[in-house]
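Notes follow the structure.
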Amino acid sequence: MTTSLRAVLVAVLSAVLFVGLAGTASAAPPAQAQAASDCAGRGVPLSKISVQLYTFAGVIGGGAGEQERHEEVLRSLAEMGYRNVEPYTLSGWTAEEYAALLDEYGLKASARHVDVGSQFTPADIEQILEDNRTLGIKYFGSGSTAGAPWIGQLRTEADWVAYAQYLDAVGEQARKAGQTLMVHNHDFEFTTVFGDRTAFDILMQHTQAKNVVSQLDLYWVSYAGLDPVDVIEEYGNRIQLLHVKDLNPDLNRRIEIVGLGNIDFPSIFAAAGGSTRYFVVEHDPRFTDLEFDPYEAAEVGLEYLTCTTY
């Protein structure tokens, strides 16, 4: 897709989906409250829409100025109309400071990506749970499982089973603290196969539903060659959060702005039914692509979800 055509498609989608966000005018930011509520009640409720802040990793960065850039991202998302965000870093703030920052911009943390460790490198779960309580977070989990190629800790079926057992223990600890451990997938959990079971199957089968749920990344399931509807139908309400990002089949199956790819989100959302707690817009940053605009990805994703019936 050429840059000009991409720009036209984004403009068209934005025009078609231009809406006031669902909810009362008093609860919406002023700029959104002035917009016509053409899609109110027809799409995903605002209370269930979030955005994974890793979308803005290229903006937030690190080092000097990180906190200022992170705060600017939060301010911009609040102005777009988001009510929830999913942090992947606290950028050096304490949990108390970050909670106060979210409150300042009228945001809540729907969930959190934080390293929960593995059987080889256990994490300080008590500290994570304490921070989660301060942040008001119920759902949390690592951004990737320990079987990721760039981590390389899980090589055998026995490794995956032991990892699942470790997660189940963490999940039990979390449940007793009133929180819920979630597993976030990439493609390799579905392409790593032992006999007739994928690594994802092992994670689900060797953890208890009361202890561990799935945050299903729809792009990575599709990238692995599976239909997300099939996965949802198999595991039902264990899938409680969805990472909503699109796939462009014409550009090497790269991540695309939500609504501009070929993933059939309405069918997926319908299959998920009422068990989905949060629909999380995400667009993994292309750090070397100067044309990628995470603000555009977040705004168009929000507009798409608020107007998508399912």
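By convention in this document, the chains of the structure tokens carry letters A, B, ... by their order, each chain's residues are numbered from 1, and ligands are numbered from 1 in the order they are shown.
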6 Å contact set for Gly261 of chain A, only C-alpha atoms, chain neighbours under 6 positions out, as a ChimeraX atom specification: /A:246-248
Those same residues - C-alpha atoms - I'd like them written as an mmCIF file, in the first residue's frame.
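The resulting file, selection_30.cif, is reproduced below:
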```cif
data_model
loop_
_atom_site.group_PDB
_atom_site.id
_atom_site.type_symbol
_atom_site.label_atom_id
_atom_site.label_comp_id
_atom_site.auth_asym_id
_atom_site.auth_seq_id
_atom_site.Cartn_x
_atom_site.Cartn_y
_atom_site.Cartn_z
ATOM 1 C CA ASP A 246 -4.881 -5.736 12.606
ATOM 2 C CA LEU A 247 -2.906 -7.635 9.963
ATOM 3 C CA ASN A 248 -1.981 -6.355 6.496
#
```
Neighbours of segment 236-243 of chain A within 8 Å (only C-alpha atoms; same-chain residues fewer than 6 positions away dropped), as an mmCIF file with N, CA, C and O atoms, in the first residue's frame?
```cif
data_model
loop_
_atom_site.group_PDB
_atom_site.id
_atom_site.type_symbol
_atom_site.label_atom_id
_atom_site.label_comp_id
_atom_site.auth_asym_id
_atom_site.auth_seq_id
_atom_site.Cartn_x
_atom_site.Cartn_y
_atom_site.Cartn_z
ATOM 1 N N ALA A 209 -8.517 -22.600 35.486
ATOM 2 C CA ALA A 209 -9.265 -21.445 35.000
ATOM 3 C C ALA A 209 -9.431 -20.379 36.078
ATOM 4 O O ALA A 209 -9.463 -19.182 35.784
ATOM 5 N N VAL A 212 -5.634 -18.596 36.115
ATOM 6 C CA VAL A 212 -4.973 -18.003 34.952
ATOM 7 C C VAL A 212 -5.972 -17.837 33.817
ATOM 8 O O VAL A 212 -6.686 -18.779 33.470
ATOM 9 N N VAL A 213 -5.997 -16.628 33.237
ATOM 10 C CA VAL A 213 -6.839 -16.367 32.069
ATOM 11 C C VAL A 213 -5.948 -15.959 30.901
ATOM 12 O O VAL A 213 -4.735 -15.772 31.046
ATOM 13 N N SER A 214 -6.565 -15.816 29.737
ATOM 14 C CA SER A 214 -5.826 -15.440 28.532
ATOM 15 C C SER A 214 -6.141 -14.008 28.121
ATOM 16 O O SER A 214 -7.301 -13.588 28.134
ATOM 17 N N GLN A 215 -5.082 -13.285 27.768
ATOM 18 C CA GLN A 215 -5.233 -12.032 27.040
ATOM 19 C C GLN A 215 -4.832 -12.366 25.605
ATOM 20 O O GLN A 215 -3.648 -12.413 25.275
ATOM 21 N N LEU A 216 -5.814 -12.642 24.772
ATOM 22 C CA LEU A 216 -5.554 -13.169 23.441
ATOM 23 C C LEU A 216 -5.191 -12.047 22.476
ATOM 24 O O LEU A 216 -5.970 -11.121 22.258
ATOM 25 N N ASP A 217 -3.987 -12.135 21.915
ATOM 26 C CA ASP A 217 -3.545 -11.159 20.921
ATOM 27 C C ASP A 217 -4.025 -11.653 19.552
ATOM 28 O O ASP A 217 -3.524 -12.639 19.013
ATOM 29 N N LEU A 218 -5.005 -10.953 18.995
ATOM 30 C CA LEU A 218 -5.675 -11.409 17.777
ATOM 31 C C LEU A 218 -4.750 -11.364 16.564
ATOM 32 O O LEU A 218 -4.861 -12.209 15.665
ATOM 33 N N TYR A 219 -3.859 -10.395 16.530
ATOM 34 C CA TYR A 219 -2.912 -10.328 15.410
ATOM 35 C C TYR A 219 -2.011 -11.552 15.399
ATOM 36 O O TYR A 219 -1.835 -12.201 14.366
ATOM 37 N N ALA A 272 -16.600 -14.106 21.138
ATOM 38 C CA ALA A 272 -16.147 -13.915 22.518
ATOM 39 C C ALA A 272 -17.321 -13.641 23.458
ATOM 40 O O ALA A 272 -17.251 -13.940 24.657
ATOM 41 N N SER A 275 -17.824 -12.395 27.726
ATOM 42 C CA SER A 275 -16.723 -12.714 28.643
ATOM 43 C C SER A 275 -15.546 -11.754 28.509
ATOM 44 O O SER A 275 -14.634 -11.787 29.329
ATOM 45 N N THR A 276 -15.541 -10.910 27.476
ATOM 46 C CA THR A 276 -14.418 -9.999 27.265
ATOM 47 C C THR A 276 -14.517 -8.805 28.202
ATOM 48 O O THR A 276 -15.466 -8.027 28.130
ATOM 49 N N ARG A 277 -13.530 -8.673 29.078
ATOM 50 C CA ARG A 277 -13.527 -7.549 30.021
ATOM 51 C C ARG A 277 -12.991 -6.275 29.373
ATOM 52 O O ARG A 277 -13.497 -5.187 29.637
ATOM 53 N N TYR A 278 -11.932 -6.440 28.533
ATOM 54 C CA TYR A 278 -11.349 -5.270 27.883
ATOM 55 C C TYR A 278 -10.935 -5.596 26.451
ATOM 56 O O TYR A 278 -10.406 -6.676 26.179
ATOM 57 N N PHE A 279 -11.206 -4.652 25.565
ATOM 58 C CA PHE A 279 -10.740 -4.688 24.183
ATOM 59 C C PHE A 279 -9.591 -3.674 24.112
ATOM 60 O O PHE A 279 -9.814 -2.467 24.234
ATOM 61 N N VAL A 280 -8.381 -4.170 23.935
ATOM 62 C CA VAL A 280 -7.190 -3.325 24.090
ATOM 63 C C VAL A 280 -6.565 -3.036 22.726
ATOM 64 O O VAL A 280 -6.009 -3.926 22.073
ATOM 65 N N VAL A 281 -6.645 -1.798 22.293
ATOM 66 C CA VAL A 281 -6.005 -1.388 21.045
ATOM 67 C C VAL A 281 -4.496 -1.453 21.224
ATOM 68 O O VAL A 281 -3.951 -0.969 22.221
ATOM 69 N N GLU A 282 -3.816 -2.067 20.254
ATOM 70 C CA GLU A 282 -2.358 -2.118 20.308
ATOM 71 C C GLU A 282 -1.793 -2.088 18.895
ATOM 72 O O GLU A 282 -2.396 -2.609 17.958
#
```
Test item: residues at most 10 Å from segment 149-153 of chain A, only C-alpha atoms, excluding those fewer than 5 positions along its chain, as a list in words: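 Neighbouring residues, sequence-local ones excluded: Ser118, Gln119, Phe120, Thr121, Ser144, Asp159, Trp160, Tyr163 and Phe188 of chain A.
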Kindly export the residues of the current selection with C-alpha atoms, as a compact mmCIF listing (two decimals), in the first residue's frame.
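What ended up in out.txt:
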```txt
# COMPACT_ATOMS: atom_id res chain seq x y z
CA SER A 118 9.41 -18.23 35.25
CA GLN A 119 10.49 -21.39 37.03
CA PHE A 120 14.05 -20.47 36.09
CA THR A 121 13.88 -16.79 37.12
CA SER A 144 5.61 -12.37 26.56
CA ASP A 159 9.77 -27.01 30.23
CA TRP A 160 6.39 -25.68 29.06
CA TYR A 163 6.26 -23.08 33.27
CA PHE A 188 5.10 -19.03 18.75
```
Spatial neighbours of segment 171-180 of chain A, 7 Å, only C-alpha atoms, chain gap at least 5 places, as an MDAnalysis selection string: chainID A and resid 129 138:140 211:212
Those of segment 50-173 of chain A in DSSP helix (DSSP H, G or I), formatted as an MDAnalysis selection string: chainID A and resid 53:60 66:80 95:104 125:135 157:173
Nearest candidate to Ala169 of chain A (options A:Val193, A:His184, A:Leu77, A:His206; using only C-alpha atoms):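 The closest residue to Ala169 of chain A is A:His206.
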Could I get the residues of segment 71-127 of chain A with an atom no further than 10 Å from an atom of segment 57-61 of chain A, each paired with its nearest atom pair and that distance in Å to one decimal, using only C-alpha atoms, sorted by chain and residue number, as a tab-separated table?
```
residue	atom	partner	partner_atom	distance
A:Glu71	CA	A:Ile60	CA	8.8
A:Glu72	CA	A:Ile60	CA	8.9
A:Val73	CA	A:Ile60	CA	7.8
A:Tyr88	CA	A:Ala57	CA	9.0
A:Thr89	CA	A:Ala57	CA	9.5
A:Ser91	CA	A:Ile60	CA	8.5
```
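If only C-alpha atoms are the atoms counted, then among A:Asp124, A:Glu303, A:Glu86, A:Glu79 the closest residue to Leu53 of chain A is A:Glu86.
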